[in-house]
Structures are given as C-alpha cells and as structure tokens.
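Raw coords07.cif, mmCIF, C-alpha atoms and all ligand atoms:
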```cif
data_coords
#
loop_
_atom_site.label_atom_id
_atom_site.label_comp_id
_atom_site.auth_asym_id
_atom_site.auth_seq_id
_atom_site.Cartn_x
_atom_site.Cartn_y
_atom_site.Cartn_z
CA MET A 746 -36.25 -20.37 -22.08
CA LEU A 747 -33.51 -18.84 -19.99
CA THR A 748 -30.56 -17.36 -21.87
CA ALA A 749 -27.05 -17.98 -20.46
CA SER A 750 -26.74 -14.37 -19.21
CA ALA A 751 -30.19 -14.44 -17.58
CA ALA A 752 -29.03 -17.45 -15.57
CA GLU A 753 -25.93 -15.65 -14.27
CA PRO A 754 -26.10 -14.73 -10.59
CA GLU A 755 -26.11 -11.05 -9.66
CA MET A 756 -23.35 -9.78 -7.39
CA THR A 757 -24.58 -7.78 -4.40
CA ALA A 758 -22.64 -4.81 -3.04
CA GLU A 759 -21.95 -6.81 0.10
CA GLU A 760 -20.54 -9.74 -1.90
CA PHE A 761 -18.39 -7.39 -3.98
CA GLU A 762 -16.90 -5.81 -0.85
CA MET A 763 -16.20 -9.16 0.80
CA ILE A 764 -14.41 -10.55 -2.24
CA ARG A 765 -12.67 -7.28 -3.09
CA ASP A 766 -11.27 -6.89 0.45
CA PHE A 767 -10.16 -10.52 0.55
CA ILE A 768 -8.32 -10.21 -2.79
CA HIS A 769 -6.71 -6.96 -1.68
CA GLU A 770 -5.53 -8.39 1.62
CA LYS A 771 -4.08 -11.52 0.02
CA SER A 772 -2.60 -10.18 -3.22
CA GLY A 773 -2.48 -6.37 -3.12
CA ILE A 774 -4.74 -6.23 -6.19
CA PHE A 775 -7.52 -3.69 -5.70
CA PHE A 776 -10.81 -3.56 -7.59
CA ALA A 777 -12.34 -0.09 -7.37
CA GLU A 778 -16.14 0.26 -7.19
CA ASN A 779 -16.39 0.77 -10.95
CA LYS A 780 -14.61 -2.55 -11.57
CA MET A 781 -17.39 -4.66 -10.02
CA TYR A 782 -18.56 -5.89 -13.44
CA LEU A 783 -14.98 -6.94 -14.28
CA LEU A 784 -14.59 -8.96 -11.08
CA LYS A 785 -17.98 -10.55 -11.62
CA ASN A 786 -17.16 -11.54 -15.20
CA ARG A 787 -13.86 -13.04 -14.16
CA LEU A 788 -15.46 -15.22 -11.48
CA ILE A 789 -18.51 -16.44 -13.36
CA LYS A 790 -16.86 -19.22 -15.40
CA ARG A 791 -14.99 -20.57 -12.41
CA MET A 792 -18.15 -20.64 -10.31
CA ALA A 793 -20.02 -22.43 -13.10
CA SER A 794 -17.34 -25.11 -13.35
CA LEU A 795 -17.54 -25.63 -9.56
CA GLU A 796 -21.35 -25.49 -9.69
CA ILE A 797 -21.34 -22.72 -7.10
CA LYS A 798 -24.44 -20.55 -7.39
CA THR A 799 -23.67 -17.38 -5.41
CA TYR A 800 -20.62 -15.14 -4.99
CA LYS A 801 -20.94 -15.44 -1.23
CA ASP A 802 -20.60 -19.25 -1.46
CA TYR A 803 -17.60 -18.85 -3.74
CA PHE A 804 -16.03 -16.43 -1.24
CA TYR A 805 -16.32 -19.00 1.56
CA HIS A 806 -15.06 -21.72 -0.76
CA VAL A 807 -11.82 -19.75 -1.39
CA LYS A 808 -11.42 -18.42 2.11
CA TYR A 809 -11.67 -21.77 3.88
CA ASP A 810 -9.63 -23.79 1.39
CA THR A 811 -6.57 -24.41 3.57
CA SER A 812 -4.68 -26.00 0.66
CA MET A 813 -4.78 -22.56 -1.08
CA ALA A 814 -5.53 -24.37 -4.35
CA GLU A 815 -8.64 -22.28 -4.98
CA PHE A 816 -6.77 -19.08 -4.13
CA LYS A 817 -4.23 -19.95 -6.85
CA GLU A 818 -7.11 -20.55 -9.24
CA LEU A 819 -8.62 -17.22 -8.22
CA MET A 820 -5.34 -15.49 -9.09
CA ASN A 821 -5.36 -17.17 -12.51
CA GLN A 822 -8.86 -15.76 -13.07
CA ILE A 823 -8.53 -12.20 -11.82
CA THR A 824 -5.09 -11.10 -13.00
CA THR A 825 -4.62 -9.07 -16.16
CA ASN A 826 -1.77 -10.69 -18.06
CA GLU A 827 -1.42 -8.57 -21.17
CA THR A 828 2.17 -8.45 -22.43
CA SER A 829 4.25 -8.81 -25.61
CA PHE A 830 7.84 -9.18 -26.79
CA PHE A 831 9.79 -5.90 -26.95
CA ARG A 832 7.00 -3.99 -25.19
CA ASN A 833 7.65 -0.26 -25.09
CA GLU A 834 10.72 0.13 -27.26
CA PRO A 835 12.05 3.41 -25.77
CA GLN A 836 12.33 1.85 -22.29
CA LEU A 837 14.04 -1.22 -23.72
CA LEU A 838 16.43 0.92 -25.77
CA SER A 839 17.40 2.79 -22.61
CA PHE A 840 18.09 -0.59 -21.02
CA SER A 841 20.15 -2.08 -23.86
CA ASP A 842 21.97 1.04 -25.08
CA GLU A 843 22.40 3.06 -21.90
CA VAL A 844 21.95 1.06 -18.68
CA LEU A 845 23.44 -2.26 -19.82
CA PRO A 846 26.72 -0.72 -21.10
CA LEU A 847 27.17 0.93 -17.67
CA ILE A 848 26.66 -2.41 -15.90
CA ILE A 849 29.02 -4.17 -18.32
CA LYS A 850 31.69 -1.49 -17.87
CA SER A 851 31.39 -1.72 -14.10
CA GLY A 852 31.64 -5.52 -14.29
CA GLN A 853 34.73 -5.33 -16.49
CA GLU A 854 36.40 -2.95 -14.04
CA SER A 855 35.60 -5.04 -10.98
CA LYS A 856 37.99 -7.72 -9.76
CA GLY A 857 35.24 -10.18 -8.86
CA GLN A 858 33.06 -12.28 -11.13
CA LYS A 859 31.38 -10.42 -13.95
CA SER A 860 27.68 -10.73 -13.28
CA ILE A 861 24.36 -9.23 -14.34
CA LYS A 862 21.31 -9.89 -12.22
CA ILE A 863 17.88 -8.74 -13.40
CA TRP A 864 14.41 -9.14 -11.87
CA SER A 865 11.28 -9.24 -14.02
CA ALA A 866 8.58 -8.96 -11.37
CA GLY A 867 5.10 -9.72 -12.66
CA CYS A 868 6.51 -11.37 -15.80
CA SER A 869 3.20 -12.79 -17.06
CA THR A 870 3.72 -15.28 -19.92
CA GLY A 871 7.48 -14.60 -20.13
CA GLU A 872 7.87 -12.19 -23.04
CA GLU A 873 9.51 -9.47 -20.89
CA PRO A 874 12.27 -11.62 -19.32
CA TYR A 875 12.99 -13.39 -22.64
CA THR A 876 13.23 -10.00 -24.38
CA LEU A 877 15.75 -8.86 -21.74
CA ALA A 878 17.75 -12.08 -22.14
CA MET A 879 17.95 -11.57 -25.92
CA MET A 880 19.11 -7.98 -25.44
CA ILE A 881 21.81 -9.04 -22.98
CA ILE A 882 23.14 -11.81 -25.24
CA ASP A 883 23.11 -9.37 -28.14
CA LYS A 884 25.06 -6.78 -26.16
CA LEU A 885 27.62 -9.14 -24.63
CA GLY A 886 28.24 -10.98 -27.92
CA SER A 887 29.10 -14.07 -25.95
CA LEU A 888 28.48 -14.93 -22.32
CA ASN A 889 32.12 -15.85 -21.94
CA GLY A 890 33.15 -14.99 -18.38
CA TRP A 891 29.73 -13.52 -17.49
CA ARG A 892 27.14 -14.89 -15.12
CA VAL A 893 23.73 -13.67 -16.26
CA GLU A 894 20.68 -14.35 -14.13
CA ILE A 895 17.14 -13.17 -14.89
CA ILE A 896 14.66 -13.94 -12.13
CA ALA A 897 11.11 -13.83 -13.44
CA ASN A 898 8.04 -14.39 -11.33
CA ASP A 899 4.32 -13.96 -11.16
CA ILE A 900 1.37 -14.74 -8.89
CA SER A 901 -0.50 -16.66 -11.63
CA GLU A 902 0.62 -20.28 -12.05
CA GLN A 903 -1.22 -20.38 -15.37
CA VAL A 904 0.95 -17.70 -17.01
CA LEU A 905 4.11 -19.23 -15.51
CA GLN A 906 3.32 -22.52 -17.26
CA VAL A 907 3.15 -20.71 -20.60
CA ALA A 908 6.35 -18.82 -19.79
CA ARG A 909 8.29 -22.00 -18.98
CA ARG A 910 7.14 -23.60 -22.25
CA GLY A 911 8.51 -20.64 -24.22
CA GLU A 912 6.34 -21.16 -27.30
CA TYR A 913 4.61 -18.19 -28.90
CA SER A 914 2.58 -17.15 -31.90
CA GLY A 915 0.35 -14.33 -33.10
CA ILE A 916 0.10 -10.78 -31.82
CA THR A 917 2.67 -11.06 -29.04
CA MET A 918 5.37 -11.41 -31.74
CA ARG A 919 4.39 -8.20 -33.57
CA ASN A 920 7.41 -6.15 -32.44
CA VAL A 921 10.02 -8.85 -33.02
CA LYS A 922 12.35 -7.92 -35.87
CA PRO A 923 13.22 -10.61 -38.48
CA THR A 924 16.88 -10.70 -37.36
CA ILE A 925 15.81 -11.38 -33.76
CA LEU A 926 13.30 -14.00 -34.95
CA SER A 927 15.92 -15.99 -36.80
CA ARG A 928 18.60 -15.61 -34.15
CA PHE A 929 16.64 -16.39 -30.98
CA PHE A 930 13.65 -18.53 -32.04
CA ASP A 931 13.16 -21.92 -33.68
CA LYS A 932 10.15 -21.92 -35.99
CA ASP A 933 7.78 -24.84 -35.94
CA GLY A 934 4.81 -24.19 -38.23
CA GLU A 935 3.06 -21.14 -36.80
CA VAL A 936 4.85 -21.46 -33.47
CA TYR A 937 8.06 -19.70 -32.46
CA ARG A 938 10.05 -21.54 -29.80
CA VAL A 939 12.55 -19.54 -27.69
CA LYS A 940 16.03 -21.04 -28.18
CA PRO A 941 17.70 -22.84 -25.23
CA GLU A 942 20.50 -20.22 -25.18
CA VAL A 943 17.89 -17.62 -24.17
CA LYS A 944 15.79 -19.90 -21.95
CA SER A 945 18.80 -20.92 -19.88
CA LEU A 946 19.23 -17.35 -18.58
CA VAL A 947 15.71 -17.05 -17.18
CA LYS A 948 14.52 -18.68 -13.97
CA PHE A 949 10.74 -18.63 -13.50
CA SER A 950 9.12 -18.96 -10.09
CA HIS A 951 5.94 -18.11 -8.24
CA ILE A 952 5.76 -14.99 -6.08
CA ASN A 953 3.17 -12.90 -4.33
CA LEU A 954 4.68 -9.42 -4.47
CA SER A 955 2.44 -8.21 -1.65
CA ASP A 956 4.09 -10.69 0.71
CA ALA A 957 7.02 -8.79 2.29
CA ARG A 958 8.70 -12.03 3.37
CA GLN A 959 8.76 -13.40 -0.19
CA MET A 960 10.04 -10.06 -1.48
CA SER A 961 12.89 -10.00 1.04
CA MET A 962 14.19 -13.29 -0.33
CA HIS A 963 15.22 -11.49 -3.53
CA SER A 964 18.32 -9.31 -3.46
CA GLY A 965 21.43 -8.10 -5.26
CA PHE A 966 19.77 -6.93 -8.48
CA ASP A 967 21.39 -4.59 -11.00
CA VAL A 968 18.02 -3.80 -12.57
CA ILE A 969 14.41 -4.46 -11.60
CA PHE A 970 11.55 -4.37 -14.09
CA CYS A 971 8.07 -4.13 -12.61
CA ARG A 972 6.18 -2.71 -15.55
CA ASN A 973 2.40 -2.56 -15.74
CA VAL A 974 1.97 -4.52 -12.51
CA MET A 975 1.56 -2.00 -9.71
CA ILE A 976 -1.30 -0.24 -11.53
CA TYR A 977 -3.50 -3.00 -10.12
CA PHE A 978 -2.46 -2.38 -6.49
CA SER A 979 -3.68 0.07 -3.86
CA ASP A 980 -1.27 2.92 -2.96
CA GLU A 981 -0.64 1.36 0.45
CA VAL A 982 0.53 -1.89 -1.20
CA LYS A 983 2.53 0.01 -3.85
CA ARG A 984 4.47 1.77 -1.06
CA GLN A 985 5.30 -1.51 0.66
CA ILE A 986 6.36 -3.19 -2.58
CA VAL A 987 8.49 -0.28 -3.76
CA ARG A 988 10.33 -0.33 -0.40
CA GLY A 989 10.98 -4.01 -1.07
CA TYR A 990 12.40 -3.23 -4.51
CA TYR A 991 14.63 -0.56 -3.04
CA ASN A 992 16.10 -3.08 -0.62
CA SER A 993 16.49 -5.69 -3.36
CA LEU A 994 18.55 -3.43 -5.62
CA LYS A 995 22.29 -3.01 -5.43
CA PRO A 996 23.35 0.57 -4.70
CA GLY A 997 23.24 2.36 -8.05
CA GLY A 998 20.76 -0.20 -9.43
CA TYR A 999 17.96 0.79 -11.82
CA PHE A 1000 14.19 0.40 -11.48
CA TYR A 1001 11.77 0.36 -14.43
CA ILE A 1002 8.03 0.78 -13.99
CA GLY A 1003 5.50 1.05 -16.85
CA HIS A 1004 6.02 4.14 -19.03
CA SER A 1005 2.66 5.60 -17.92
CA GLU A 1006 3.25 4.83 -14.22
CA THR A 1007 4.89 7.06 -11.61
CA LEU A 1008 6.36 6.82 -8.12
CA HIS A 1009 4.92 10.25 -7.32
CA GLY A 1010 3.23 9.98 -3.92
CA ILE A 1011 4.63 6.46 -3.48
CA SER A 1012 8.36 6.84 -2.85
CA LYS A 1013 11.03 9.52 -2.78
CA ALA A 1014 13.88 7.08 -2.19
CA PHE A 1015 14.85 6.84 -5.86
CA LYS A 1016 16.31 9.49 -8.10
CA LEU A 1017 14.99 9.92 -11.61
CA VAL A 1018 17.63 9.58 -14.33
CA TYR A 1019 17.02 11.20 -17.70
CA PHE A 1020 18.41 8.83 -20.29
CA LYS A 1021 18.20 9.61 -24.01
CA ASN A 1022 15.43 7.10 -24.60
CA ALA A 1023 13.45 7.03 -21.33
CA LEU A 1024 13.25 8.12 -17.71
CA VAL A 1025 14.50 5.49 -15.29
CA TYR A 1026 14.49 5.37 -11.49
CA GLN A 1027 17.81 4.71 -9.77
CA LYS A 1028 18.84 3.81 -6.25
CA GLU A 1029 21.69 6.09 -5.28
CA ALA A 1030 25.16 4.64 -5.43
CA VAL A 1031 27.12 4.60 -2.18
CA THR A 1032 30.19 6.62 -2.99
CA SER A 1033 31.74 7.37 0.42
CA GLY A 1034 34.74 5.05 0.25
CA ALA A 1035 32.72 2.07 -0.93
CA SER A 1036 32.95 0.68 -4.46
CA GLY A 1037 29.94 2.49 -5.93
CA ARG A 1038 27.27 0.38 -7.57
CA THR A 1039 28.53 -2.87 -6.16
CA ALA A 1040 29.06 -1.87 -2.53
CA GLY A 1041 29.27 -4.75 -0.07
CA THR A 1042 26.47 -6.27 1.99
CA GLY A 1043 27.25 -4.18 5.09
CA THR A 1044 26.55 -1.06 3.08
CA LYS A 1045 23.41 -2.59 1.62
CA SER A 1046 21.83 -3.46 4.93
CA VAL A 1047 22.34 0.06 6.21
CA ALA A 1048 20.77 1.38 3.00
CA ALA A 1049 17.92 -1.01 3.64
CA ILE A 1050 17.29 0.60 7.03
CA GLY A 1051 17.05 4.02 5.37
CA ALA A 1052 14.63 2.72 2.76
CA ALA A 1053 12.48 0.92 5.29
CA GLU A 1054 11.86 4.22 7.00
CA GLY A 1055 10.05 5.03 3.78
CA ALA A 1056 10.57 8.79 4.01
CA ALA A 1057 12.23 11.25 1.67
CA GLY A 1058 15.96 10.91 1.23
CA GLY A 1059 16.09 7.36 2.60
CA ALA A 1060 19.21 6.56 0.62
CA ARG A 1061 20.87 9.78 1.71
CA ARG A 1062 20.20 9.00 5.38
CA ALA A 1063 21.57 5.52 4.85
CA ILE A 1064 24.86 7.03 3.69
CA ASP A 1065 24.92 9.27 6.79
CA LEU A 1066 24.29 6.24 8.98
CA LEU A 1067 27.06 4.36 7.24
CA SER A 1068 29.59 7.14 7.81
CA LYS A 1069 28.62 7.27 11.54
CA ILE A 1070 29.12 3.52 11.87
CA LYS A 1071 32.52 3.75 10.16
CA LYS A 1072 33.76 6.38 12.68
C1 LIG A 1101 -0.12 -6.70 -17.29
S1 LIG A 1101 0.97 -7.96 -16.76
C2 LIG A 1101 2.54 -7.18 -17.04
C3 LIG A 1101 3.54 -8.10 -17.72
C4 LIG A 1101 4.88 -7.45 -18.05
N1 LIG A 1101 5.53 -6.95 -16.86
C5 LIG A 1101 4.71 -6.37 -19.08
O1 LIG A 1101 4.81 -5.18 -18.74
O2 LIG A 1101 4.47 -6.69 -20.24
C6 LIG A 1101 0.79 -7.89 -14.96
C7 LIG A 1101 1.23 -9.16 -14.29
O3 LIG A 1101 1.35 -8.92 -12.89
C8 LIG A 1101 0.98 -10.09 -12.20
N2 LIG A 1101 0.63 -9.81 -10.79
C9 LIG A 1101 -0.46 -9.15 -10.33
N3 LIG A 1101 -0.46 -9.15 -8.98
C10 LIG A 1101 0.65 -9.80 -8.59
C11 LIG A 1101 1.19 -10.11 -7.31
N4 LIG A 1101 0.61 -9.73 -6.17
N5 LIG A 1101 2.36 -10.80 -7.28
C12 LIG A 1101 2.97 -11.17 -8.42
N6 LIG A 1101 2.50 -10.91 -9.65
C13 LIG A 1101 1.35 -10.22 -9.74
C14 LIG A 1101 -0.21 -10.61 -13.01
O4 LIG A 1101 -0.47 -11.97 -12.81
C15 LIG A 1101 0.21 -10.28 -14.44
O5 LIG A 1101 0.76 -11.39 -15.11
#
```
Could the structure of this file be written out as structure tokens, please?
Amino acid sequence: MLTASAAEPEMTAEEFEMIRDFIHEKSGIFFAENKMYLLKNRLIKRMASLEIKTYKDYFYHVKYDTSMAEFKELMNQITTNETSFFRNEPQLLSFSDEVLPLIIKSGQESKGQKSIKIWSAGCSTGEEPYTLAMMIIDKLGSLNGWRVEIIANDISEQVLQVARRGEYSGITMRNVKPTILSRFFDKDGEVYRVKPEVKSLVKFSHINLSDARQMSMHSGFDVIFCRNVMIYFSDEVKRQIVRGYYNSLKPGGYFYIGHSETLHGISKAFKLVYFKNALVYQKEAVTSGASGRTAGTGTKSVAAIGAAEGAAGGARRAIDLLSKIKK
C-alpha cells in the first residue's frame, strides 16, 4: 500500500527554477536553493485539491490563468504570515514613547488639520496595525480634533480576511497586557474581538509591494512599518521597494523594519536615529525654508527625484535641487 508521502510527486530542479523565478518576478518573494523543500510542501496540498499531478502542470495552471485567481491562491500558500500583537516591544515603545510624541507635537504646532498617517505594509492577519491603533488612542487620550489613518495591506487575501474580522485567540495574544485586553477587546468565550473604536482607524486592502505602480499610490505617511516582510525578497526587489517607501514618507517621516533586518547594502537614503528603545530609520526633514516634517508636495516631489536616483545622499541632493529651483 502506498503511504501519503510516497504518493507525493517529486519536484525536479527544472520545476523548482521555473516556479521560483515566476514567484520572484510576480511578487518579489525569493526561494533560495535550500528552500526547495519548503516551496514543495507549500504547493502539495493545493495541487492535491486541484488534482494536478506534477509541479510543471501546476506552473502552467498558474501562469496561464488570466483571471489571476490561482496566483492569489498561490500567494495564500507560499507566504509566511507569522505575527502577534505587540510584537517586539522595544520597537513599539520607541514608536509610542518617542516617535509618536514628536508627531503629536508637530501636529499641535501646525495650523492645518492634526493628522497621523501610518502604513503597515505586509500586515498579515492584522495584529500589527491594530497594535499601532491601540497605542495611538492610548497616547492621544481622545481622537478629538485628530484624523488618524492606518493603512494596512498584504498580498495574501486569506490573511486580510482574518484581519478584517478582527477576532483573535491563543498565542497571538501572549503579549497583550490585561489593561489593554479589557480596554480594547470584547471577550466572547475564548475569542477576543477588537473593539470598533480601534477597528475604525485601520483600513485593510490588498497590495503587491513589488509592483511599483501600486506602491506609488501610497503617500504622505508619518511612519511606515514594514517589519519581517522584506526578508523574503531578493536584494534587487528590496532596493526597489525601499525607494518606494522613501517616496511615500513625508520629509522627516520614520521607517521601521524588523529588529533583525538592515538597510545595509540596500539604501543610504535614510539616516539612522538612535532612540532610547530602538534604532529607527528616518527620511531627512527639509529644513531650508520649508516647514520641516510636513513640507508641501512641491518639496516632496523633488525629494522623490533624489530618492529615485537610489544613490547615497539622495535626500541631501533633493534639498540641493530644491534650493536651485527656488533661485
Ligand atoms: C511574517 S509576516 C509579517 C507581519 C507583520 N509585519 C509583523 O512583523 O508581525 C510577512 C507578511 O508579508 C506579506 N508579503 C509577502 N510578500 C508580499 C508582497 N509582495 N506584497 C505584500 N505583502 C507581502 C506576507 O503575506 C505576510 O503576511
């Protein structure tokens, strides 16, 4: 009798390369040679449910599906979605106790509308953006007079469905303190439901971060979180995406990547700020006559040119360009 594993198809090197290159081209996610077993394991169940016998046939099935439905399913299968509430406390403390007060102060001093705009890119099942929303509400006391927007997106439709539901239980809740539990969740048996006050601040949507056009539709952020996402991309894709983040940030805006990740060899456009609790990347503020962190769109587009050049000192060159234009 055949056991289940004996019936599993073997993946040839040629099949691995075909599928790996396709996934990389379409999503930026890169499976190194030693991750062949991982890719294989992630595809097996899907192929069984479609009754597809070889990886080559599955490749053609995805590639020639013009509706892109199978590509979406592929993304559900191959992405790593590990996350939890209040993940990496030092980074979050630097956000709530150091970065957020600066943004609030700057908003209070500005004559325009007081606003905070955050991007949680690669948000998985929603714990990160909901955590940020709770921290912002906690810091502001009340949203009175403030417009708070948290844009949260992911390539996997499956995790976005969970995120929109906002119902959690088990290990993902392990770092949530009792005071936070009672203030921001409704308990229903074993399930904790995120309260509407928190949910209303977060807008979930689908994105493919490796698509420069989709990235360029996001702008004006005070802070971007892209933690534990780019580790799955090739360096070439990381560079492109980080340029996109640079352009999407307001001058003076902050950029968080995972605590074990680095922009070394990827971008020199950001400066590294040493906060008490964590190191955070920052886009330089435009100070020459403009209003610092919240400089107008003219300033931003010139900064964008500098960043798009992708070389060292992009922000600095942007300021030089700006002063030439002003003359
Ligand atoms: C490990 S989770 C990180 C979740 C959260 N940021 C955190 O640190 O807890 C990585 C997420 O990135 C998403 N992702 C991977 N490639 C992506 C892409 N090209 N576009 C958008 N999201 C992507 C995955 O679907 C996954 O949910």
Got a sec to check which residues sit within 10 Å of (18.2, 7.1, -7.6), counting only C-alpha atoms, and write them as a list in words?
Tyr991, Pro996, Gly997, Gly998, Tyr999, Phe1000, Lys1013, Ala1014, Phe1015, Lys1016, Leu1017, Val1018, Val1025, Tyr1026, Gln1027, Lys1028, Glu1029, Ala1030, Gly1058 and Ala1060 of chain A
*asked:* How would you report the residues lying within 6 Å of ligand LIG 1101 (chain A), as a ChimeraX atom specification, if you count all atoms listed in the file?
replied: /A:772-774,824-829,867-869,873,899-901,952-955,971-974
query: Mind listing as a list of chain:residue names all residues within 6 Å of (22.4, -4.7, -22.1), counting only C-alpha atoms?
result: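 Residues with an atom at most 6 Å from (22.4, -4.7, -22.1): A:Ser841, A:Leu845, A:Pro846, A:Met880, A:Ile881, A:Lys884.
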Q.
As an exercise, work out the distance from CA of Leu885 in chain A to CA of Gln853 in chain A in Å and give it to one decimal place.
A.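 We find that CA of Leu885 in chain A and CA of Gln853 in chain A lie 11.5 Å from each other.
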Exercise. Between CA of Leu788 in chain A and CA of His951 in chain A, measure the distance and give it in Å to one decimal.
Key: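 Atom-to-atom, CA of Leu788 in chain A to CA of His951 in chain A, that is 21.8 Å.
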Here CA of Lys995 in chain A and CA of Val982 in chain A stand apart by 22.2 Å
If you count only C-alpha atoms, the residue of A:Ile768, A:Ser1005, A:Met820, A:Ile863 closest to His963 in chain A turns out to be A:Ile863
So, with only C-alpha atoms as the atoms that count, which of A:Tyr977, A:Phe970, A:Tyr990, A:Tyr1019 lies closest to Ile1002 in chain A?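 Among A:Tyr977, A:Phe970, A:Tyr990, A:Tyr1019, it is A:Phe970 that comes nearest to Ile1002 in chain A.
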Using only C-alpha atoms: which of A:Ile986, A:Leu1008, A:Leu838, A:Leu819 has the shortest distance to Ser961 in chain A:
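Ranked by minimum distance to Ser961 in chain A, first place goes to A:Ile986.
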Closest of A:Ile823, A:Ala897, A:Met763, A:Ala878 to Phe840 in chain A, counting only C-alpha atoms, is A:Ala878
As a PyMOL selection string, please: the residues near range 913-919 of chain A (cut-off 6 Å, only C-alpha atoms, same-chain neighbours under 2 positions excluded).
chain A and resi 829-830+921+936-937
Legend entry - Close residues, Lys940 in chain A itself excluded, 9 Å, only C-alpha atoms, min 5 positions apart in chain, as a ChimeraX atom specification: /A:911,928-931,945
Using all atoms listed in the file, the residue out of A:Tyr1001, A:Phe978, A:Tyr782, A:Phe775 with shortest distance to Pro754 in chain A is A:Tyr782
Given the choices A:Ile861, A:Leu1024, A:Ile764, A:Ala957, which gets closest to Trp891 in chain A if the distance is worked out from all atoms listed in the file?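 Of A:Ile861, A:Leu1024, A:Ile764, A:Ala957, the one nearest Trp891 in chain A is A:Ile861, counting all atoms listed in the file.
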